[in-house]
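Here is the file coords-v2.csv (CSV, C-alpha atoms).
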```csv
chain,number,residue,atom,x,y,z
W,1,MET,CA,-2.0,27.0,34.2
W,2,ASP,CA,1.1,29.0,35.2
W,3,ASP,CA,0.7,32.1,37.3
W,4,PHE,CA,0.0,35.2,35.3
W,5,ALA,CA,-0.8,38.9,35.7
W,6,TYR,CA,-4.3,40.1,35.0
W,7,THR,CA,-5.3,43.6,33.8
W,8,ARG,CA,-8.6,45.1,32.7
W,9,PRO,CA,-8.1,48.4,30.9
W,10,ASP,CA,-11.0,50.6,29.8
W,11,ARG,CA,-9.4,52.2,26.7
W,12,PRO,CA,-8.3,50.5,23.5
W,13,GLN,CA,-5.1,52.5,23.4
W,14,ALA,CA,-4.2,51.4,26.9
W,15,ALA,CA,-5.0,47.7,26.0
W,16,VAL,CA,-2.7,47.6,23.0
W,17,ALA,CA,0.1,49.4,24.9
W,18,LEU,CA,-0.1,46.7,27.6
W,19,ALA,CA,-0.2,43.9,25.0
W,20,ALA,CA,2.8,45.1,23.1
W,21,ARG,CA,5.2,43.2,25.4
W,22,PRO,CA,6.0,39.6,24.7
W,23,GLY,CA,4.0,37.1,26.8
W,24,ALA,CA,0.9,39.3,26.9
W,25,ARG,CA,-2.4,38.2,25.4
W,26,PHE,CA,-5.9,39.7,25.1
W,27,ILE,CA,-8.8,37.8,26.6
W,28,ALA,CA,-12.5,38.3,26.0
W,29,GLY,CA,-14.9,35.4,26.2
W,30,GLY,CA,-11.8,33.1,26.8
W,31,THR,CA,-13.6,30.1,25.4
W,32,ASP,CA,-10.5,29.0,23.4
W,33,LEU,CA,-7.6,30.8,25.1
W,34,LEU,CA,-8.2,29.3,28.6
W,35,ASN,CA,-8.4,25.8,27.2
W,36,LEU,CA,-5.1,26.3,25.2
W,37,MET,CA,-3.4,27.4,28.4
W,38,LYS,CA,-4.8,24.5,30.4
W,39,ASP,CA,-3.6,22.1,27.7
W,40,GLY,CA,-0.2,23.6,27.7
W,41,ALA,CA,-0.5,24.6,24.0
W,42,GLU,CA,0.0,28.3,24.9
W,43,HIS,CA,1.8,30.0,27.7
W,44,HIS,CA,1.2,33.7,28.7
W,45,ASP,CA,2.3,35.6,31.7
W,46,HIS,CA,0.0,38.6,31.3
W,47,LEU,CA,-3.7,38.4,30.3
W,48,ILE,CA,-5.4,41.6,29.3
W,49,ASP,CA,-9.2,41.5,29.8
W,50,ILE,CA,-10.7,43.7,27.1
W,51,ASN,CA,-14.4,43.2,28.1
W,52,ALA,CA,-14.5,46.8,29.5
W,53,LEU,CA,-13.5,48.3,26.1
W,54,PRO,CA,-16.3,50.0,24.0
W,55,LEU,CA,-16.1,47.5,21.2
W,56,SER,CA,-19.4,45.8,21.2
W,57,GLY,CA,-22.6,46.4,19.3
W,58,LEU,CA,-23.8,46.3,15.7
W,59,ARG,CA,-24.9,49.2,13.4
W,60,LYS,CA,-26.1,49.5,9.8
W,61,VAL,CA,-24.5,52.2,7.7
W,62,GLU,CA,-24.8,52.7,3.9
W,63,GLY,CA,-23.8,49.5,2.1
W,64,ARG,CA,-22.5,47.6,5.1
W,65,ILE,CA,-22.9,46.4,8.7
W,66,GLU,CA,-20.3,47.2,11.3
W,67,ILE,CA,-19.9,44.7,14.1
W,68,GLY,CA,-17.9,45.4,17.2
W,69,ALA,CA,-15.2,42.8,17.9
W,70,LEU,CA,-16.6,42.2,21.4
W,71,SER,CA,-20.1,41.5,20.2
W,72,ARG,CA,-21.2,38.1,21.3
W,73,MET,CA,-21.8,35.5,18.6
W,74,SER,CA,-25.3,34.8,19.8
W,75,ASP,CA,-26.3,38.5,19.6
W,76,VAL,CA,-25.0,38.9,16.1
W,77,ALA,CA,-26.6,35.7,14.8
W,78,ALA,CA,-30.0,36.8,16.2
W,79,HIS,CA,-29.9,40.4,14.9
W,80,PRO,CA,-32.6,41.1,12.3
W,81,ALA,CA,-30.2,43.0,10.0
W,82,VAL,CA,-27.9,40.0,9.9
W,83,ARG,CA,-30.6,37.4,9.6
W,84,GLU,CA,-32.2,39.3,6.7
W,85,GLY,CA,-29.2,40.9,4.9
W,86,LEU,CA,-26.5,38.3,5.7
W,87,PRO,CA,-28.1,34.9,6.2
W,88,VAL,CA,-24.9,33.1,5.6
W,89,LEU,CA,-23.3,34.9,8.5
W,90,SER,CA,-26.2,34.1,10.9
W,91,GLN,CA,-26.2,30.5,9.8
W,92,ALA,CA,-22.5,30.1,10.3
W,93,LEU,CA,-22.6,31.6,13.8
W,94,LEU,CA,-25.4,29.3,14.8
W,95,ALA,CA,-23.6,26.3,13.4
W,96,GLY,CA,-20.3,27.3,15.0
W,97,ALA,CA,-20.7,26.5,18.7
W,98,SER,CA,-23.1,25.4,21.4
W,99,PRO,CA,-25.5,28.0,22.8
W,100,GLN,CA,-23.5,28.3,25.9
W,101,VAL,CA,-20.3,29.1,23.9
W,102,ARG,CA,-22.1,31.5,21.6
W,103,ASN,CA,-23.3,33.4,24.6
W,104,MET,CA,-19.7,33.9,25.8
W,105,ALA,CA,-17.6,34.0,22.7
W,106,SER,CA,-16.8,37.3,21.0
W,107,MET,CA,-16.6,37.8,17.3
W,108,GLY,CA,-13.0,38.9,17.3
W,109,GLY,CA,-12.0,36.0,19.5
W,110,ASN,CA,-13.7,33.5,17.2
W,111,LEU,CA,-11.6,34.7,14.3
W,112,LEU,CA,-8.5,34.1,16.4
W,113,GLN,CA,-9.3,30.6,17.7
W,114,ARG,CA,-6.7,28.0,16.9
W,115,THR,CA,-6.9,24.7,15.3
W,116,ARG,CA,-8.5,21.6,16.9
W,117,CYS,CA,-5.6,19.4,15.6
W,118,TRP,CA,-5.1,16.9,18.4
W,119,TYR,CA,-1.3,17.0,18.0
W,120,PHE,CA,-1.3,20.8,18.5
W,121,ARG,CA,-3.5,20.5,21.6
W,122,ASP,CA,-1.5,17.7,23.2
W,123,ALA,CA,1.7,19.2,24.7
W,124,ALA,CA,3.3,15.8,24.8
W,125,THR,CA,3.5,15.4,21.0
W,126,PRO,CA,5.6,17.3,18.5
W,127,CYS,CA,3.9,20.2,16.6
W,128,ASN,CA,5.4,22.9,14.4
W,129,LYS,CA,2.6,25.3,15.4
W,130,ARG,CA,3.5,24.9,19.0
W,131,SER,CA,7.2,24.3,18.7
W,132,PRO,CA,8.6,25.4,15.3
W,133,GLY,CA,10.9,22.8,13.8
W,134,SER,CA,9.6,19.9,15.9
W,135,GLY,CA,7.7,18.3,13.0
W,136,CYS,CA,4.1,17.6,11.9
W,137,PRO,CA,3.1,14.1,13.1
W,138,ALA,CA,-0.4,14.5,11.4
W,139,ILE,CA,1.1,14.1,7.9
W,140,LYS,CA,1.8,10.4,8.5
W,141,GLY,CA,-0.4,10.0,11.6
W,142,GLN,CA,-4.1,10.3,12.3
W,143,ASN,CA,-5.2,12.9,9.8
W,144,ARG,CA,-8.9,12.3,9.2
W,145,ARG,CA,-9.8,15.9,10.1
W,146,HIS,CA,-6.9,17.5,8.4
W,147,ALA,CA,-6.3,19.6,5.2
W,148,ILE,CA,-6.5,18.4,1.7
W,149,VAL,CA,-5.6,21.7,0.1
W,150,GLY,CA,-3.4,24.6,1.2
W,151,GLY,CA,-1.2,22.7,3.6
W,152,SER,CA,2.6,22.3,3.5
W,153,GLU,CA,5.2,19.7,4.6
W,154,HIS,CA,5.2,21.6,7.9
W,155,CYS,CA,1.5,21.6,8.7
W,156,ILE,CA,-1.8,20.2,7.5
W,157,ALA,CA,-4.0,21.4,10.4
W,158,VAL,CA,-7.4,23.0,9.4
W,159,HIS,CA,-8.7,26.3,10.6
W,160,PRO,CA,-11.8,25.7,12.9
W,161,SER,CA,-13.9,28.9,12.5
W,162,ASP,CA,-17.2,28.8,10.7
W,163,LEU,CA,-17.5,32.5,11.1
W,164,ALA,CA,-14.2,33.1,9.3
W,165,VAL,CA,-15.5,31.0,6.3
W,166,ALA,CA,-18.7,33.1,6.0
W,167,LEU,CA,-16.8,36.4,6.3
W,168,THR,CA,-14.3,35.3,3.7
W,169,ALA,CA,-17.2,34.6,1.2
W,170,LEU,CA,-18.8,37.9,2.1
W,171,GLY,CA,-15.6,39.9,1.4
W,172,ALA,CA,-15.5,41.4,5.0
W,173,THR,CA,-12.9,43.7,6.4
W,174,VAL,CA,-11.2,43.4,9.8
W,175,HIS,CA,-10.2,46.7,11.5
W,176,THR,CA,-7.4,46.6,14.1
W,177,LEU,CA,-5.5,48.9,16.5
W,178,SER,CA,-1.9,48.5,17.5
W,179,PRO,CA,0.9,50.6,18.9
W,180,ARG,CA,1.7,51.5,15.3
W,181,GLY,CA,-1.8,52.8,14.7
W,182,ALA,CA,-5.1,51.6,13.0
W,183,ARG,CA,-5.4,49.5,9.9
W,184,SER,CA,-8.0,47.7,7.8
W,185,ILE,CA,-7.3,44.1,6.6
W,186,PRO,CA,-9.5,42.3,4.0
W,187,MET,CA,-10.5,38.9,5.1
W,188,ALA,CA,-8.8,37.5,2.0
W,189,GLY,CA,-5.4,38.6,3.4
W,190,PHE,CA,-6.1,38.1,7.2
W,191,TYR,CA,-5.0,34.5,7.5
W,192,LEU,CA,-1.6,33.0,6.4
W,193,SER,CA,-0.9,29.7,4.7
W,194,PRO,CA,1.4,27.5,6.8
W,195,GLY,CA,4.4,27.4,4.4
W,196,ASN,CA,7.6,27.2,6.5
W,197,THR,CA,6.1,29.1,9.4
W,198,PRO,CA,2.8,27.4,10.5
W,199,HIS,CA,3.1,29.1,13.9
W,200,GLN,CA,2.3,32.4,12.2
W,201,GLU,CA,-1.4,32.1,11.5
W,202,THR,CA,-2.6,35.7,10.9
W,203,VAL,CA,-1.0,39.0,9.8
W,204,LEU,CA,-1.6,40.5,13.2
W,205,GLY,CA,1.4,41.7,15.1
W,206,GLN,CA,2.1,41.5,18.9
W,207,GLY,CA,-0.4,43.7,20.7
W,208,GLU,CA,-2.7,44.2,17.7
W,209,LEU,CA,-6.3,44.3,18.7
W,210,ILE,CA,-9.3,43.5,16.5
W,211,THR,CA,-11.8,46.4,17.0
W,212,ARG,CA,-14.4,46.0,14.3
W,213,ILE,CA,-15.6,43.8,11.4
W,214,ASP,CA,-17.2,45.5,8.4
W,215,VAL,CA,-19.5,43.3,6.2
W,216,PRO,CA,-20.9,44.5,2.9
W,217,VAL,CA,-24.6,44.2,2.5
W,218,THR,CA,-25.4,43.5,-1.2
W,219,PRO,CA,-28.0,41.7,-3.3
W,220,LEU,CA,-25.4,38.9,-3.5
W,221,ALA,CA,-25.1,38.7,0.3
W,222,ARG,CA,-28.9,38.6,0.8
W,223,GLY,CA,-28.9,35.4,-1.3
W,224,SER,CA,-26.6,33.2,0.7
W,225,ARG,CA,-26.4,30.1,2.9
W,226,TYR,CA,-24.0,28.1,5.0
W,227,LEU,CA,-23.8,24.3,4.8
W,228,LYS,CA,-21.8,22.5,7.4
W,229,LEU,CA,-21.2,18.7,7.4
W,230,ARG,CA,-20.0,17.2,10.6
W,231,ASP,CA,-19.9,13.9,12.5
W,232,ARG,CA,-22.8,14.8,14.7
W,233,ALA,CA,-25.5,17.4,14.6
W,234,THR,CA,-24.7,18.8,18.0
W,235,PHE,CA,-21.7,21.1,18.7
W,236,GLU,CA,-18.9,19.8,16.4
W,237,PHE,CA,-16.3,21.2,14.1
W,238,ALA,CA,-16.8,20.9,10.4
W,239,LEU,CA,-15.5,18.0,8.3
W,240,VAL,CA,-16.3,20.3,5.4
W,241,SER,CA,-18.4,23.4,5.1
W,242,VAL,CA,-19.5,25.8,2.3
W,243,ALA,CA,-20.4,29.4,2.5
W,244,ALA,CA,-22.3,30.1,-0.7
W,245,LEU,CA,-23.4,33.4,-2.2
W,246,VAL,CA,-25.0,33.2,-5.6
W,247,ARG,CA,-26.9,35.8,-7.8
W,248,THR,CA,-28.6,34.6,-10.9
W,249,GLN,CA,-30.3,36.5,-13.7
W,250,ASP,CA,-32.2,35.1,-16.6
W,251,GLY,CA,-31.1,31.6,-15.6
W,252,VAL,CA,-27.4,32.5,-15.6
W,253,VAL,CA,-25.0,33.0,-12.7
W,254,ARG,CA,-24.0,36.7,-12.6
W,255,GLU,CA,-22.1,36.7,-9.3
W,256,ALA,CA,-20.8,34.1,-6.9
W,257,GLY,CA,-18.8,34.1,-3.6
W,258,LEU,CA,-17.8,30.7,-2.4
W,259,ALA,CA,-15.6,29.8,0.6
W,260,PHE,CA,-14.9,26.5,2.3
W,261,GLY,CA,-14.0,25.3,5.7
W,262,GLY,CA,-12.6,22.0,7.1
W,263,ILE,CA,-10.3,21.4,4.1
W,264,ALA,CA,-7.5,23.9,4.5
W,265,PRO,CA,-5.4,25.7,7.1
W,266,ARG,CA,-7.3,28.9,6.5
W,267,PRO,CA,-10.7,29.7,5.1
W,268,TRP,CA,-10.4,28.6,1.4
W,269,ARG,CA,-11.7,30.7,-1.4
W,270,PRO,CA,-10.2,29.6,-4.7
W,271,ALA,CA,-11.1,32.0,-7.6
W,272,ALA,CA,-11.3,29.1,-10.1
W,273,VAL,CA,-14.5,27.7,-8.4
W,274,GLU,CA,-16.4,31.0,-8.8
W,275,GLU,CA,-15.0,31.4,-12.4
W,276,ALA,CA,-16.4,28.0,-13.3
W,277,LEU,CA,-19.9,29.2,-12.4
W,278,VAL,CA,-20.1,32.9,-13.5
W,279,GLY,CA,-21.6,33.4,-16.9
W,280,ARG,CA,-23.1,29.9,-17.0
W,281,PRO,CA,-26.5,28.4,-16.2
W,282,LEU,CA,-26.5,26.8,-12.7
W,283,ASP,CA,-26.9,23.3,-14.0
W,284,ALA,CA,-25.2,20.0,-13.3
W,285,ALA,CA,-22.4,20.6,-15.7
W,286,ALA,CA,-21.4,23.9,-14.2
W,287,ILE,CA,-21.6,22.5,-10.7
W,288,LYS,CA,-19.5,19.6,-11.6
W,289,ALA,CA,-16.9,21.9,-13.2
W,290,ALA,CA,-16.8,24.0,-10.0
W,291,GLY,CA,-16.3,20.9,-7.9
W,292,ALA,CA,-13.5,19.7,-10.1
W,293,ALA,CA,-11.8,23.1,-9.9
W,294,LEU,CA,-12.1,23.0,-6.1
W,295,VAL,CA,-10.2,19.8,-5.7
W,296,ARG,CA,-7.8,20.1,-8.6
W,297,ASP,CA,-4.8,20.6,-6.4
W,298,ALA,CA,-5.9,18.4,-3.5
W,299,VAL,CA,-3.3,16.4,-1.6
W,300,PRO,CA,-5.3,13.8,0.4
W,301,ARG,CA,-3.7,11.7,3.1
W,302,GLU,CA,-4.3,8.2,4.4
W,303,HIS,CA,-7.3,9.0,6.5
W,304,ASN,CA,-8.9,12.1,4.9
W,305,ALA,CA,-9.2,11.2,1.2
W,306,PHE,CA,-12.9,11.0,1.7
W,307,LYS,CA,-13.0,14.8,1.9
W,308,VAL,CA,-12.2,15.1,-1.8
W,309,ALA,CA,-15.6,13.7,-2.7
W,310,LEU,CA,-17.4,15.0,0.4
W,311,VAL,CA,-16.6,18.7,-0.3
W,312,GLN,CA,-17.7,18.4,-3.9
W,313,ARG,CA,-21.0,16.9,-2.8
W,314,ALA,CA,-21.4,19.7,-0.2
W,315,LEU,CA,-20.8,22.3,-2.9
W,316,ALA,CA,-23.4,20.6,-5.2
W,317,GLU,CA,-25.9,20.5,-2.4
W,318,ALA,CA,-25.4,24.2,-1.5
W,319,LEU,CA,-25.6,25.3,-5.1
W,320,GLY,CA,-28.6,23.0,-5.8
W,321,GLU,CA,-30.7,25.0,-3.5
W,322,PHE,CA,-30.1,28.2,-5.4
W,323,GLY,CA,-31.1,26.5,-8.6
W,324,GLU,CA,-34.3,25.2,-7.0
W,325,SER,CA,-35.2,28.5,-5.4
W,326,ARG,CA,-34.5,30.7,-8.4
```

How does this structure look as structure tokens?
Amino acid sequence: MDDFAYTRPDRPQAAVALAARPGARFIAGGTDLLNLMKDGAEHHDHLIDINALPLSGLRKVEGRIEIGALSRMSDVAAHPAVREGLPVLSQALLAGASPQVRNMASMGGNLLQRTRCWYFRDAATPCNKRSPGSGCPAIKGQNRRHAIVGGSEHCIAVHPSDLAVALTALGATVHTLSPRGARSIPMAGFYLSPGNTPHQETVLGQGELITRIDVPVTPLARGSRYLKLRDRATFEFALVSVAALVRTQDGVVREAGLAFGGIAPRPWRPAAVEEALVGRPLDAAAIKAAGAALVRDAVPREHNAFKVALVQRALAEALGEFGESR
């Protein structure tokens, strides 16, 4: 890694002021950022260690759980309020990394981790995320792990975060602080599709710090699960994943929240999938209709066409458990 300055402020306002300059970057657990810098995928001349900021911890308030951005993944996954009220979140966190990484990685940092696309991580290859305008070799290259929906001619890398998929299904809100002040960002609008600017992955500006994540606790959230399919059962990123929230009454689906990972450049929550279920019995016909809606606009490539069938089977398995248990 190149030489860089290192600062450890103790106030959020001081941290965002330092990070406003180009070349500065926040560091918390560092489990992704340091690897990116070692690989040459990112270059920063000023790292701002935010671990001294008062942004950790979890508290229950009426109708939601507030999670500090510096809370460690392992602590949140094990918290009784999360395990009981937000099982999909606990399961996604436990599936998202090795125990060692979960003990280090922060909630905010996990949301900002970058794709595991090998072309992006290899500084010797072209990549529009790393060097805009240089091309996307994955489109005609080795694309087994890449997107089948939501990509563009400039990028088909997938977003790696299991946590982000669960929070998208839950309808969480991300709170931030920047030199321009504080704001609240719904998860549905936090990530950007690649379009012509795949290097811009979130709506965050330079020096904008995630301070807290609010997650609604509802009857729908209490009935939830996370299913992750991967090449091996140990620490591995998803080939496809499903965060499923379903509430049935009198044998009919009344509410549903469904988000998917491993198939798109951002957590994928198409309204058509939920619409195919709500108001219908959770039977084979409804599940098949939901799966068809999910892949209706899929654009599979040479090596990842298997994901079209795989994500439909994953959805069917996730929904099947709700039918069996209710």

| field | Atom-to-atom span, CA of Val101 (chain W) and CA of Leu239 (chain W), Å | value |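 If I compute the distance from CA of Val101 (chain W) to CA of Leu239 (chain W), I get 19.7 Å.
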
| task | Could you check which of W:Ile185, W:Ala292, W:Val158, W:Leu70 is closest to Leu53 (chain W), using all atoms listed in the file? | result | W:Leu70

Per residue of region 46-91 of chain W within 12 Å of region 222-238 of chain W, note the shortest atom pair and the distance in Å to one decimal, counting all atoms listed in the file, and order the rows by chain and increasing residue number, as a tab-separated table.
```
residue	atom	partner	partner_atom	distance
W:Arg64	CA	W:Arg222	CA	11.9
W:Ala81	CA	W:Arg222	CA	10.3
W:Val82	CA	W:Arg222	CA	9.3
W:Arg83	CA	W:Arg222	CA	9.0
W:Glu84	CA	W:Arg222	CA	6.8
W:Gly85	CA	W:Arg222	CA	4.7
W:Leu86	CA	W:Arg222	CA	5.5
W:Pro87	CA	W:Ser224	CA	5.9
W:Val88	CA	W:Arg225	CA	4.3
W:Leu89	CA	W:Tyr226	CA	7.7
W:Ser90	CA	W:Tyr226	CA	8.7
W:Gln91	CA	W:Tyr226	CA	5.8
```

| query | If we count all atoms listed in the file, what is near region 317-323 of chain W at a cut-off of 9 Å, once residues fewer than 4 positions away on the same chain are taken out, given as number ranges by chain? | reply | W: 223-227, 242-248, 251, 282-284, 287, 312-313

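Going from CA of Val240 (chain W) over to CA of Ala256 (chain W), you cover 19.0 Å.
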
| query | When you draw a straight line from CA of Ala221 (chain W) to CA of Glu208 (chain W), how long is it in Å? | reply |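 Calculated distance between CA of Ala221 (chain W) and CA of Glu208 (chain W) is 28.9 Å.
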
| request: Determine the nearest neighbour of Asp214 (chain W) from the options W:Glu42, W:Ile65, W:Tyr191, W:Ile139, counting all atoms listed in the file. | output: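 For Asp214 (chain W), the nearest of the given residues is W:Ile65.
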
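Proximity ranking of W:Pro216, W:Arg266, W:Thr202, W:Val165 relative to Val61 (chain W) places W:Pro216 first, based on all atoms listed in the file.
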
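The residue that comes closest to Gly108 (chain W), out of W:Asp32, W:Asp39, W:Glu153, W:Glu275 and on the basis of only C-alpha atoms, is W:Asp32.
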
| request: Just the residues within 12 Å of Val203 (chain W), please, counting all atoms listed in the file, with nothing from its chain fewer than 3 positions along; format it as a VMD selection string. | output: chain W and resid 112 174 176 183 to 193 199 to 200 206 to 210
